[in-house]
$ cat structure.tsv   # TSV, C-alpha atoms and all ligand atoms
chain	number	residue	atom	x	y	z
A	20	MET	CA	-32.46	-48.17	112.30
A	21	ARG	CA	-30.70	-47.36	115.54
A	22	ALA	CA	-31.83	-44.50	117.76
A	23	ALA	CA	-31.34	-43.32	121.33
A	24	VAL	CA	-34.90	-43.52	122.65
A	25	PHE	CA	-36.26	-41.47	125.56
A	26	PHE	CA	-38.55	-43.82	127.50
A	27	LYS	CA	-39.15	-41.75	130.63
A	28	PRO	CA	-37.31	-39.11	132.64
A	29	GLY	CA	-33.88	-40.49	133.46
A	30	LYS	CA	-34.13	-43.30	130.90
A	31	VAL	CA	-32.66	-43.00	127.40
A	32	GLU	CA	-31.51	-46.22	125.72
A	33	LEU	CA	-30.19	-47.34	122.38
A	34	ASP	CA	-32.97	-49.16	120.52
A	35	THR	CA	-34.04	-50.20	117.04
A	36	ILE	CA	-36.94	-48.25	115.59
A	37	GLN	CA	-38.81	-48.12	112.28
A	38	GLU	CA	-37.20	-46.00	109.60
A	39	PRO	CA	-39.47	-43.06	108.69
A	40	VAL	CA	-41.41	-43.27	105.41
A	41	LEU	CA	-41.46	-40.26	103.09
A	42	GLU	CA	-44.49	-38.49	101.71
A	43	ASP	CA	-44.48	-36.29	98.65
A	44	GLY	CA	-42.15	-33.29	99.11
A	45	ASP	CA	-40.26	-34.84	102.05
A	46	ILE	CA	-36.59	-35.74	102.27
A	47	LYS	CA	-34.71	-38.26	104.36
A	48	ILE	CA	-31.30	-37.48	105.74
A	49	LYS	CA	-28.60	-39.53	107.33
A	50	VAL	CA	-27.79	-37.66	110.53
A	51	ASP	CA	-24.10	-36.82	110.68
A	52	LEU	CA	-23.97	-34.75	113.87
A	53	CYS	CA	-26.54	-33.64	116.41
A	54	GLY	CA	-25.85	-31.13	119.17
A	55	VAL	CA	-26.94	-31.85	122.73
A	56	CYS	CA	-29.17	-28.94	123.73
A	57	GLY	CA	-30.08	-27.68	127.19
A	58	SER	CA	-33.70	-28.50	126.36
A	59	ASP	CA	-32.73	-32.15	125.63
A	60	ILE	CA	-31.09	-32.26	129.05
A	61	LYS	CA	-34.18	-30.72	130.68
A	62	THR	CA	-36.44	-33.25	128.97
A	63	TYR	CA	-34.16	-36.10	129.99
A	64	VAL	CA	-34.27	-35.00	133.63
A	65	ARG	CA	-37.95	-34.18	134.10
A	66	GLY	CA	-39.82	-34.66	130.81
A	67	THR	CA	-41.95	-32.01	129.08
A	68	PRO	CA	-45.62	-31.97	128.10
A	69	TYR	CA	-44.54	-31.75	124.41
A	70	THR	CA	-42.44	-34.88	124.37
A	71	ILE	CA	-44.54	-37.98	124.74
A	72	PRO	CA	-42.33	-41.05	125.25
A	73	PRO	CA	-41.14	-43.15	123.60
A	74	ALA	CA	-39.48	-40.33	121.64
A	75	VAL	CA	-36.13	-39.43	120.13
A	76	LEU	CA	-34.59	-36.21	121.40
A	77	GLY	CA	-32.06	-34.03	119.57
A	78	HIS	CA	-32.87	-31.18	117.18
A	79	GLU	CA	-29.55	-29.50	116.32
A	80	VAL	CA	-29.05	-31.55	113.22
A	81	VAL	CA	-26.70	-31.56	110.26
A	82	GLY	CA	-26.70	-34.42	107.78
A	83	THR	CA	-26.72	-35.76	104.25
A	84	VAL	CA	-29.75	-36.28	102.01
A	85	VAL	CA	-30.14	-40.02	101.32
A	86	GLU	CA	-33.63	-40.08	99.82
A	87	THR	CA	-35.65	-37.30	98.28
A	88	ARG	CA	-39.19	-36.72	97.15
A	89	SER	CA	-38.55	-32.99	96.89
A	90	PRO	CA	-37.52	-31.27	93.65
A	91	LYS	CA	-35.35	-28.93	95.72
A	92	TRP	CA	-32.96	-31.58	97.05
A	93	GLN	CA	-30.72	-34.27	95.65
A	94	GLU	CA	-29.16	-37.31	97.20
A	95	GLY	CA	-25.79	-36.38	98.68
A	96	ASP	CA	-26.70	-32.77	99.52
A	97	ARG	CA	-25.25	-31.76	102.88
A	98	VAL	CA	-27.78	-29.83	104.93
A	99	ALA	CA	-28.50	-28.09	108.22
A	100	VAL	CA	-32.08	-28.36	109.38
A	101	ALA	CA	-34.23	-26.08	111.51
A	102	HIS	CA	-36.60	-28.21	113.54
A	103	TYR	CA	-39.67	-25.99	113.31
A	104	ILE	CA	-41.10	-23.39	111.00
A	105	PRO	CA	-43.81	-20.73	111.26
A	106	CYS	CA	-46.81	-21.24	108.96
A	107	GLY	CA	-46.19	-17.87	107.31
A	108	VAL	CA	-49.86	-16.93	106.87
A	109	CYS	CA	-51.50	-16.59	110.31
A	110	SER	CA	-51.99	-13.17	111.88
A	111	ARG	CA	-48.86	-13.49	114.03
A	112	CYS	CA	-46.72	-14.58	111.10
A	113	LEU	CA	-48.12	-11.73	109.01
A	114	ASP	CA	-47.17	-9.34	111.82
A	115	GLY	CA	-43.58	-10.59	111.60
A	116	LYS	CA	-43.85	-12.56	114.86
A	117	GLY	CA	-43.27	-16.02	113.45
A	118	THR	CA	-41.79	-17.48	116.63
A	119	LEU	CA	-45.23	-16.98	118.20
A	120	CYS	CA	-47.03	-18.82	115.38
A	121	PRO	CA	-49.54	-21.26	116.93
A	122	GLU	CA	-48.52	-23.80	114.28
A	123	LEU	CA	-44.78	-23.46	114.93
A	124	PHE	CA	-44.35	-27.07	116.04
A	125	ASP	CA	-46.89	-28.64	113.71
A	126	ARG	CA	-44.25	-29.67	111.17
A	127	ARG	CA	-41.60	-31.62	112.96
A	128	ILE	CA	-38.51	-33.56	112.15
A	129	ASP	CA	-39.25	-37.28	112.47
A	130	PRO	CA	-37.92	-38.67	114.77
A	131	GLY	CA	-35.34	-36.46	116.57
A	132	GLY	CA	-31.66	-36.15	115.74
A	133	PHE	CA	-30.34	-38.86	118.06
A	134	ALA	CA	-31.14	-41.41	115.35
A	135	GLU	CA	-29.37	-42.69	112.27
A	136	LYS	CA	-31.89	-41.20	109.86
A	137	MET	CA	-34.54	-38.56	109.93
A	138	ARG	CA	-37.49	-37.55	107.80
A	139	ILE	CA	-37.80	-33.84	107.08
A	140	PRO	CA	-41.38	-33.01	106.16
A	141	ARG	CA	-42.12	-31.00	103.04
A	142	ASP	CA	-42.46	-27.51	104.56
A	143	LEU	CA	-39.27	-27.88	106.56
A	144	ALA	CA	-37.47	-29.33	103.54
A	145	GLU	CA	-38.57	-26.39	101.39
A	146	ARG	CA	-38.25	-23.45	103.76
A	147	ALA	CA	-36.13	-24.45	106.76
A	148	THR	CA	-33.41	-26.71	105.38
A	149	PHE	CA	-30.21	-25.11	104.14
A	150	LYS	CA	-27.30	-26.35	102.09
A	151	ILE	CA	-23.91	-26.42	103.80
A	152	ARG	CA	-20.99	-24.97	101.85
A	153	ASP	CA	-18.84	-27.72	100.30
A	154	ASP	CA	-15.62	-26.62	101.98
A	155	VAL	CA	-17.13	-26.52	105.45
A	156	SER	CA	-17.23	-29.46	107.87
A	157	PHE	CA	-20.38	-30.58	109.65
A	158	LYS	CA	-18.77	-29.73	112.97
A	159	GLN	CA	-18.26	-26.11	111.93
A	160	VAL	CA	-22.00	-25.60	111.42
A	161	VAL	CA	-23.68	-27.92	113.91
A	162	LEU	CA	-24.36	-24.92	116.20
A	163	ALA	CA	-26.61	-23.20	113.64
A	164	GLU	CA	-29.81	-23.82	115.60
A	165	PRO	CA	-28.69	-22.52	119.02
A	166	LEU	CA	-26.85	-19.60	117.39
A	167	ALA	CA	-30.04	-18.74	115.45
A	168	CYS	CA	-31.89	-18.39	118.77
A	169	CYS	CA	-29.19	-15.97	119.97
A	170	ILE	CA	-29.46	-14.00	116.73
A	171	HIS	CA	-33.23	-13.79	117.17
A	172	ALA	CA	-32.53	-12.28	120.60
A	173	VAL	CA	-29.80	-9.77	119.71
A	174	LYS	CA	-31.81	-8.55	116.71
A	175	GLN	CA	-34.38	-7.17	119.14
A	176	LEU	CA	-31.71	-5.01	120.77
A	177	SER	CA	-30.51	-1.70	119.34
A	178	ILE	CA	-26.87	-2.75	119.47
A	179	SER	CA	-24.34	-0.34	117.97
A	180	PRO	CA	-20.53	-0.09	117.85
A	181	LYS	CA	-20.83	2.40	120.72
A	182	SER	CA	-22.78	0.12	122.97
A	183	ASN	CA	-21.70	-2.44	125.49
A	184	VAL	CA	-23.52	-5.67	126.14
A	185	LEU	CA	-23.49	-7.73	129.32
A	186	VAL	CA	-24.38	-11.40	129.02
A	187	ILE	CA	-25.36	-13.04	132.30
A	188	GLY	CA	-24.67	-16.77	132.18
A	189	ASP	CA	-21.73	-18.85	131.00
A	190	GLY	CA	-23.69	-21.82	129.63
A	191	PRO	CA	-23.45	-22.64	125.91
A	192	MET	CA	-26.20	-20.12	125.12
A	193	GLY	CA	-24.58	-17.35	127.17
A	194	LEU	CA	-21.28	-17.96	125.41
A	195	LEU	CA	-22.93	-18.02	121.98
A	196	HIS	CA	-24.65	-14.74	122.82
A	197	THR	CA	-21.26	-13.07	123.15
A	198	GLN	CA	-20.58	-13.96	119.50
A	199	ALA	CA	-24.03	-13.00	118.27
A	200	ALA	CA	-23.68	-9.60	120.00
A	201	LYS	CA	-20.28	-9.09	118.37
A	202	ALA	CA	-21.59	-10.11	114.96
A	203	PHE	CA	-24.24	-7.42	115.37
A	204	GLY	CA	-21.57	-4.82	116.05
A	205	ALA	CA	-21.44	-4.47	119.83
A	206	GLY	CA	-18.55	-2.26	120.94
A	207	LYS	CA	-17.76	-4.24	124.06
A	208	VAL	CA	-19.08	-7.54	125.39
A	209	LEU	CA	-18.95	-8.50	129.07
A	210	LEU	CA	-19.83	-11.91	130.40
A	211	SER	CA	-20.61	-12.91	133.96
A	212	GLY	CA	-20.77	-16.50	135.10
A	213	MET	CA	-20.14	-18.93	137.91
A	214	THR	CA	-18.53	-21.94	136.23
A	215	PRO	CA	-14.73	-21.54	136.32
A	216	HIS	CA	-13.92	-23.89	133.40
A	217	ARG	CA	-16.48	-22.17	131.18
A	218	LEU	CA	-15.16	-18.74	132.06
A	219	GLN	CA	-11.72	-20.03	131.16
A	220	ARG	CA	-12.97	-20.84	127.64
A	221	ALA	CA	-14.83	-17.56	127.46
A	222	LYS	CA	-11.55	-15.64	127.53
A	223	GLN	CA	-11.48	-15.94	123.77
A	224	LEU	CA	-15.09	-14.85	123.37
A	225	ALA	CA	-15.84	-11.86	125.58
A	226	ASP	CA	-13.88	-8.65	126.16
A	227	TYR	CA	-14.31	-8.83	129.93
A	228	LEU	CA	-15.19	-11.69	132.22
A	229	ILE	CA	-16.71	-11.46	135.67
A	230	ASP	CA	-16.51	-14.43	138.00
A	231	ALA	CA	-19.63	-14.14	140.14
A	232	ASN	CA	-18.11	-16.51	142.72
A	233	THR	CA	-15.37	-14.11	143.64
A	234	GLU	CA	-16.37	-10.70	142.32
A	235	ASP	CA	-19.27	-8.40	143.07
A	236	VAL	CA	-21.01	-8.40	139.68
A	237	VAL	CA	-22.85	-5.10	140.07
A	238	SER	CA	-19.86	-3.02	141.10
A	239	LYS	CA	-17.52	-4.71	138.63
A	240	VAL	CA	-19.95	-4.10	135.78
A	241	LYS	CA	-20.36	-0.46	136.82
A	242	ASP	CA	-16.57	-0.09	136.78
A	243	LEU	CA	-16.22	-1.67	133.37
A	244	THR	CA	-18.93	0.51	131.86
A	245	GLY	CA	-17.69	3.86	133.14
A	246	GLY	CA	-20.18	3.93	136.02
A	247	ASP	CA	-23.25	4.01	133.81
A	248	GLY	CA	-24.12	0.31	133.50
A	249	PRO	CA	-24.42	-1.72	130.30
A	250	ASN	CA	-26.58	-0.52	127.40
A	251	HIS	CA	-27.91	-4.03	126.81
A	252	ILE	CA	-28.14	-6.97	129.19
A	253	ILE	CA	-29.00	-10.47	128.04
A	254	VAL	CA	-30.11	-12.75	130.86
A	255	ALA	CA	-29.19	-16.25	129.70
A	256	VAL	CA	-29.82	-18.08	132.97
A	257	PRO	CA	-33.17	-19.14	134.45
A	258	TYR	CA	-32.69	-17.26	137.72
A	259	LEU	CA	-34.99	-14.51	138.84
A	260	GLU	CA	-32.20	-12.88	140.84
A	261	ALA	CA	-30.23	-12.41	137.62
A	262	ALA	CA	-33.20	-10.72	135.94
A	263	GLN	CA	-33.60	-8.50	138.98
A	264	GLN	CA	-29.91	-7.67	138.99
A	265	ALA	CA	-30.03	-6.83	135.28
A	266	LEU	CA	-32.85	-4.33	135.83
A	267	ASP	CA	-30.85	-2.75	138.64
A	268	MET	CA	-27.64	-2.55	136.58
A	269	VAL	CA	-28.80	-1.48	133.14
A	270	CYS	CA	-28.02	2.09	132.14
A	271	PRO	CA	-30.80	4.64	131.58
A	272	GLY	CA	-32.26	4.15	128.12
A	273	GLY	CA	-30.91	0.60	128.12
A	274	GLU	CA	-32.46	-2.76	127.39
A	275	VAL	CA	-32.80	-5.97	129.39
A	276	LEU	CA	-33.62	-9.12	127.45
A	277	LEU	CA	-34.80	-12.29	129.18
A	278	PHE	CA	-33.57	-15.20	127.10
A	279	GLY	CA	-33.77	-18.22	129.38
A	280	GLY	CA	-37.11	-19.65	130.45
A	281	PHE	CA	-37.89	-19.32	134.18
A	282	PRO	CA	-39.50	-21.84	136.49
A	283	LYS	CA	-43.29	-21.50	136.54
A	284	ASN	CA	-45.22	-19.12	138.81
A	285	GLN	CA	-42.39	-16.71	139.47
A	286	SER	CA	-42.86	-12.99	139.73
A	287	LEU	CA	-40.43	-10.23	139.10
A	288	SER	CA	-40.73	-6.98	140.97
A	289	LEU	CA	-39.60	-3.86	139.25
A	290	ASP	CA	-39.65	-0.17	139.91
A	291	PRO	CA	-42.01	1.27	137.28
A	292	ASN	CA	-40.04	4.49	137.33
A	293	LYS	CA	-37.12	2.56	135.88
A	294	ILE	CA	-39.28	2.11	132.82
A	295	HIS	CA	-40.77	5.62	132.86
A	296	TYR	CA	-38.04	8.00	133.98
A	297	ASP	CA	-35.08	5.89	132.92
A	298	GLU	CA	-36.72	4.68	129.71
A	299	VAL	CA	-35.44	1.15	130.34
A	300	LYS	CA	-36.91	-1.51	128.07
A	301	LEU	CA	-37.65	-5.04	129.24
A	302	LEU	CA	-37.75	-7.56	126.42
A	303	GLY	CA	-37.89	-11.31	125.91
A	304	THR	CA	-37.39	-13.71	123.02
A	305	VAL	CA	-37.87	-17.37	122.29
A	306	GLY	CA	-36.76	-19.54	119.38
A	307	SER	CA	-35.72	-18.33	115.95
A	308	LEU	CA	-36.94	-17.86	112.39
A	309	PRO	CA	-35.62	-19.56	109.25
A	310	GLU	CA	-33.85	-16.39	108.09
A	311	GLU	CA	-32.01	-16.25	111.44
A	312	PHE	CA	-31.05	-19.90	111.07
A	313	HIS	CA	-29.64	-19.08	107.65
A	314	LEU	CA	-27.70	-16.13	109.05
A	315	ALA	CA	-26.33	-18.35	111.84
A	316	LEU	CA	-25.21	-20.86	109.26
A	317	THR	CA	-23.46	-18.10	107.30
A	318	LEU	CA	-21.64	-16.83	110.41
A	319	LEU	CA	-20.44	-20.35	111.19
A	320	GLU	CA	-19.44	-21.09	107.60
A	321	SER	CA	-17.42	-17.88	107.39
A	322	GLY	CA	-15.67	-18.63	110.69
A	323	LYS	CA	-16.98	-15.38	112.24
A	324	VAL	CA	-18.29	-17.70	114.91
A	325	ASP	CA	-15.84	-20.51	115.54
A	326	ALA	CA	-17.65	-23.68	116.63
A	327	ASP	CA	-14.40	-25.21	117.90
A	328	LEU	CA	-14.39	-22.74	120.79
A	329	PHE	CA	-17.69	-24.20	122.00
A	330	ILE	CA	-17.70	-27.91	121.25
A	331	THR	CA	-15.93	-29.71	124.08
A	332	HIS	CA	-17.31	-33.27	123.97
A	333	ARG	CA	-18.11	-35.85	121.31
A	334	TYR	CA	-20.21	-38.98	121.86
A	335	SER	CA	-21.38	-41.96	119.83
A	336	LEU	CA	-25.09	-42.78	119.56
A	337	ASP	CA	-24.93	-45.46	122.26
A	338	LYS	CA	-23.54	-42.84	124.66
A	339	VAL	CA	-26.42	-40.36	124.41
A	340	ALA	CA	-27.71	-41.15	127.91
A	341	TYR	CA	-24.21	-40.59	129.28
A	342	ALA	CA	-23.91	-37.32	127.34
A	343	LEU	CA	-27.23	-36.09	128.78
A	344	GLU	CA	-26.22	-37.18	132.25
A	345	ARG	CA	-22.96	-35.27	132.00
A	346	GLY	CA	-24.87	-32.28	130.66
A	347	THR	CA	-26.78	-32.11	133.93
A	348	LYS	CA	-23.47	-31.62	135.73
A	349	GLN	CA	-22.47	-28.69	133.47
A	350	GLU	CA	-19.39	-30.53	132.33
A	351	GLY	CA	-17.69	-28.92	129.35
A	352	ILE	CA	-19.63	-26.47	127.21
A	353	LYS	CA	-21.28	-28.01	124.21
A	354	ALA	CA	-21.52	-31.72	123.42
A	355	ILE	CA	-22.23	-33.29	120.05
A	356	VAL	CA	-23.38	-36.76	119.11
A	357	ASP	CA	-21.40	-38.03	116.14
A	358	LEU	CA	-23.24	-40.78	114.27
A	359	SER	CA	-20.01	-41.93	112.64
A	360	ALA	CA	-18.16	-42.32	115.96
A	361	SER	CA	-17.39	-45.90	116.90
A	362	GLU	CA	-19.42	-47.43	119.72
A	363	GLY	CA	-18.38	-46.36	123.20
A	364	THR	CA	-17.00	-42.97	122.12
A	365	ALA	CA	-17.09	-40.36	124.87
A	366	GLU	CA	-14.26	-38.00	124.30
A	367	GLU	CA	-13.21	-34.56	125.33
A	368	LEU	CA	-12.09	-32.39	122.44
A	401	ZN	ZN	-31.29	-26.40	120.78
A	402	ZN	ZN	-48.23	-18.65	111.64
$ encode --input "structure.tsv" --output "structure tokens" --more "lines below"
Ligand SMILES: [Zn+2]
Ligand SMILES: [Zn+2]
Amino acid sequence: MRAAVFFKPGKVELDTIQEPVLEDGDIKIKVDLCGVCGSDIKTYVRGTPYTIPPAVLGHEVVGTVVETRSPKWQEGDRVAVAHYIPCGVCSRCLDGKGTLCPELFDRRIDPGGFAEKMRIPRDLAERATFKIRDDVSFKQVVLAEPLACCIHAVKQLSISPKSNVLVIGDGPMGLLHTQAAKAFGAGKVLLSGMTPHRLQRAKQLADYLIDANTEDVVSKVKDLTGGDGPNHIIVAVPYLEAAQQALDMVCPGGEVLLFGGFPKNQSLSLDPNKIHYDEVKLLGTVGSLPEEFHLALTLLESGKVDADLFITHRYSLDKVAYALERGTKQEGIKAIVDLSASEGTAEEL
């Protein structure tokens, strides 16, 4: 079968690879769409210790079951697939901290989503694969995985209809956070960013936008929140200055959540009295759980989160390297690889 293979940083090429073979309980899907994730772009640029080339990237997958050795699934079922799952029985899982399960990545999709077909191992097929509603297109739900990660984050915050949320960062995850915060009942959502074309799109997503190129974020945010600062701040960029700024801006009793990963060996300085006297909470999250993936799918199916506002580019499988390359330049917002697109497709939607 055809796949876009990652050979080394900077090199992804269309190649022919062996089709995966199923074991008992597994299913095989034909990949219909696969989102291009920031982590795919990162791996493409500099590699990661977890991805040993040659490998197939892509994990935001929706597709159709074409072969099944699982009693749960039938040929023709349309599914969205989470690409990892907690074991469910270790001490962290039993404490409700499944994203910290040491076995989280032990059951993997095989290979990644930038391939014509994919094997979904038994545990994932049983507990982390979800049926897509018949009247819903693949495109409407292809953002389930990244949205699930945002849901995992906003669930840690005590968002209420009274509270305002500031999202720092206008990348795809920042923009999705605005919708996750709204779905969880936030009264007002502010977004600050530095990419003009993304802020333009964000007009339909956030209640207030702050262009950090031209506006002083701290004073603007103070103004917009009645002088008190936001109740909840989600830092969806990998910059220490943004985390610092969030701690300075958050209102007493508020919460700062670090969503993006930071470069290694950084340190954040903070005034401990912020935590003590102001009762500010500093939180962080990573990944998502199957139930959050399911909730994300439901929000997308119902149209509460409209994928069309995010997906700006569509590529064919032979254009994956180009899609990743363009991702490094922050072009558009979210790109998808469409396995049914004719060769050479690279279009703006
Ligand atoms: Zn992703
Ligand atoms: Zn576990």
$ residues_around --input "structure.tsv" --residues "A:Glu32" --least-positions-apart "3" --cutoff "9 Å" --atoms "only C-alpha atoms" --output "MDAnalysis selection string"
chainID A and resid 22:26 337:340
$ atom_distance --input "structure.tsv" --atom1 "atom CA of A:Lys174" --atom2 "atom CA of A:Gly132"
27.6 Å
$ residues_around --input "structure.tsv" --residues "A:Lys241" --least-positions-apart "5" --cutoff "12 Å" --atoms "all atoms listed in the file" --output "ChimeraX atom specification"
/A:183,185,209,229,235-236,246-250,265,267-270
$ residues_near_ligand --input "structure.tsv" --ligand "ligand ZN 402 (chain A)" --cutoff "10 Å" --atoms "all atoms listed in the file" --output "PyMOL selection string"
chain A and resi 104-123
$ residues_near_ligand --input "structure.tsv" --ligand "ligand ZN 401 (chain A)" --cutoff "7 Å" --atoms "all atoms listed in the file" --output "PyMOL selection string"
chain A and resi 56-58+78-79+164-165
$ closest_residue --input "structure.tsv" --among "A:Arg220, A:Lys293, A:His196, A:Lys300" --to "A:Thr331" --atoms "only C-alpha atoms"
A:Arg220
$ residues_near_point --input "structure.tsv" --point "(-39.5, -46.0, 116.4)" --cutoff "10 Å" --atoms "only C-alpha atoms" --output "list in words"
Met20, Arg21, Ala22, Ala23, Val24, Asp34, Thr35, Ile36, Gln37, Glu38, Pro39, Pro73, Ala74, Val75, Asp129, Pro130 and Ala134 of chain A
$ residues_around --input "structure.tsv" --residues "A:Thr304" --least-positions-apart "3" --cutoff "12 Å" --atoms "all atoms listed in the file" --output "JSON, numbers by chain"
{"A": [116, 117, 118, 119, 167, 168, 169, 170, 171, 172, 173, 174, 175, 176, 253, 254, 255, 275, 276, 277, 278, 279, 280, 301, 307, 308]}
$ atom_distance --input "structure.tsv" --atom1 "atom CA of A:Ile355" --atom2 "atom CA of A:Gly131"
13.9 Å
$ atom_distance --input "structure.tsv" --atom1 "atom CA of A:Val81" --atom2 "atom CA of A:Lys150"
9.7 Å
$ closest_residue --input "structure.tsv" --among "A:Asp327, A:Lys91, A:Lys158, A:Asp96" --to "A:Val356" --atoms "all atoms listed in the file"
A:Lys158
$ residues_around --input "structure.tsv" --residues "A:Gly212" --least-positions-apart "5" --cutoff "9 Å" --atoms "all atoms listed in the file" --output "VMD selection string"
chain A and resid 186 to 190 193 217 to 218 228 to 232
$ residues_around --input "structure.tsv" --residues "stretch 317-321 of chain A" --least-positions-apart "2" --cutoff "9 Å" --atoms "only C-alpha atoms" --output "list in words"
Ile151, Arg152, Asp154, Val155, Ser156, Gln159, Val160, Val161, Leu162, Ala163, Leu166, Ala202, Phe312, His313, Leu314, Ala315, Lys323, Val324, Asp325 and Ala326 of chain A
$ closest_residue --input "structure.tsv" --among "A:Asn292, A:Thr83, A:Thr347, A:Thr214" --to "A:Glu135" --atoms "all atoms listed in the file"
A:Thr83
$ build_atoms --input "structure.tsv" --residues "stretch 57-68 of chain A" --atoms "N, CA and C atoms" --output "mmCIF file, in the frame of the given file"
data_model
loop_
_atom_site.group_PDB
_atom_site.id
_atom_site.type_symbol
_atom_site.label_atom_id
_atom_site.label_comp_id
_atom_site.auth_asym_id
_atom_site.auth_seq_id
_atom_site.Cartn_x
_atom_site.Cartn_y
_atom_site.Cartn_z
ATOM 1 N N GLY A 57 -29.601 -27.787 125.816
ATOM 2 C CA GLY A 57 -30.080 -27.680 127.190
ATOM 3 C C GLY A 57 -31.507 -28.214 127.321
ATOM 4 N N SER A 58 -32.308 -28.027 126.279
ATOM 5 C CA SER A 58 -33.700 -28.500 126.360
ATOM 6 C C SER A 58 -33.750 -30.040 126.308
ATOM 7 N N ASP A 59 -32.800 -30.671 125.597
ATOM 8 C CA ASP A 59 -32.730 -32.150 125.630
ATOM 9 C C ASP A 59 -32.409 -32.612 127.053
ATOM 10 N N ILE A 60 -31.501 -31.890 127.691
ATOM 11 C CA ILE A 60 -31.090 -32.260 129.050
ATOM 12 C C ILE A 60 -32.269 -32.091 130.016
ATOM 13 N N LYS A 61 -32.987 -30.974 129.845
ATOM 14 C CA LYS A 61 -34.180 -30.720 130.680
ATOM 15 C C LYS A 61 -35.207 -31.835 130.511
ATOM 16 N N THR A 62 -35.455 -32.202 129.244
ATOM 17 C CA THR A 62 -36.440 -33.250 128.970
ATOM 18 C C THR A 62 -35.987 -34.576 129.573
ATOM 19 N N TYR A 63 -34.715 -34.864 129.430
ATOM 20 C CA TYR A 63 -34.160 -36.100 129.990
ATOM 21 C C TYR A 63 -34.360 -36.151 131.505
ATOM 22 N N VAL A 64 -34.174 -35.023 132.163
ATOM 23 C CA VAL A 64 -34.270 -35.000 133.630
ATOM 24 C C VAL A 64 -35.718 -35.057 134.108
ATOM 25 N N ARG A 65 -36.588 -34.218 133.525
ATOM 26 C CA ARG A 65 -37.950 -34.180 134.100
ATOM 27 C C ARG A 65 -39.088 -34.309 133.094
ATOM 28 N N GLY A 66 -38.770 -34.530 131.818
ATOM 29 C CA GLY A 66 -39.820 -34.660 130.810
ATOM 30 C C GLY A 66 -40.429 -33.316 130.489
ATOM 31 N N THR A 67 -41.194 -33.230 129.398
ATOM 32 C CA THR A 67 -41.950 -32.010 129.080
ATOM 33 C C THR A 67 -43.308 -32.463 128.540
ATOM 34 N N PRO A 68 -44.304 -31.588 128.624
ATOM 35 C CA PRO A 68 -45.620 -31.970 128.100
ATOM 36 C C PRO A 68 -45.590 -32.215 126.583
#
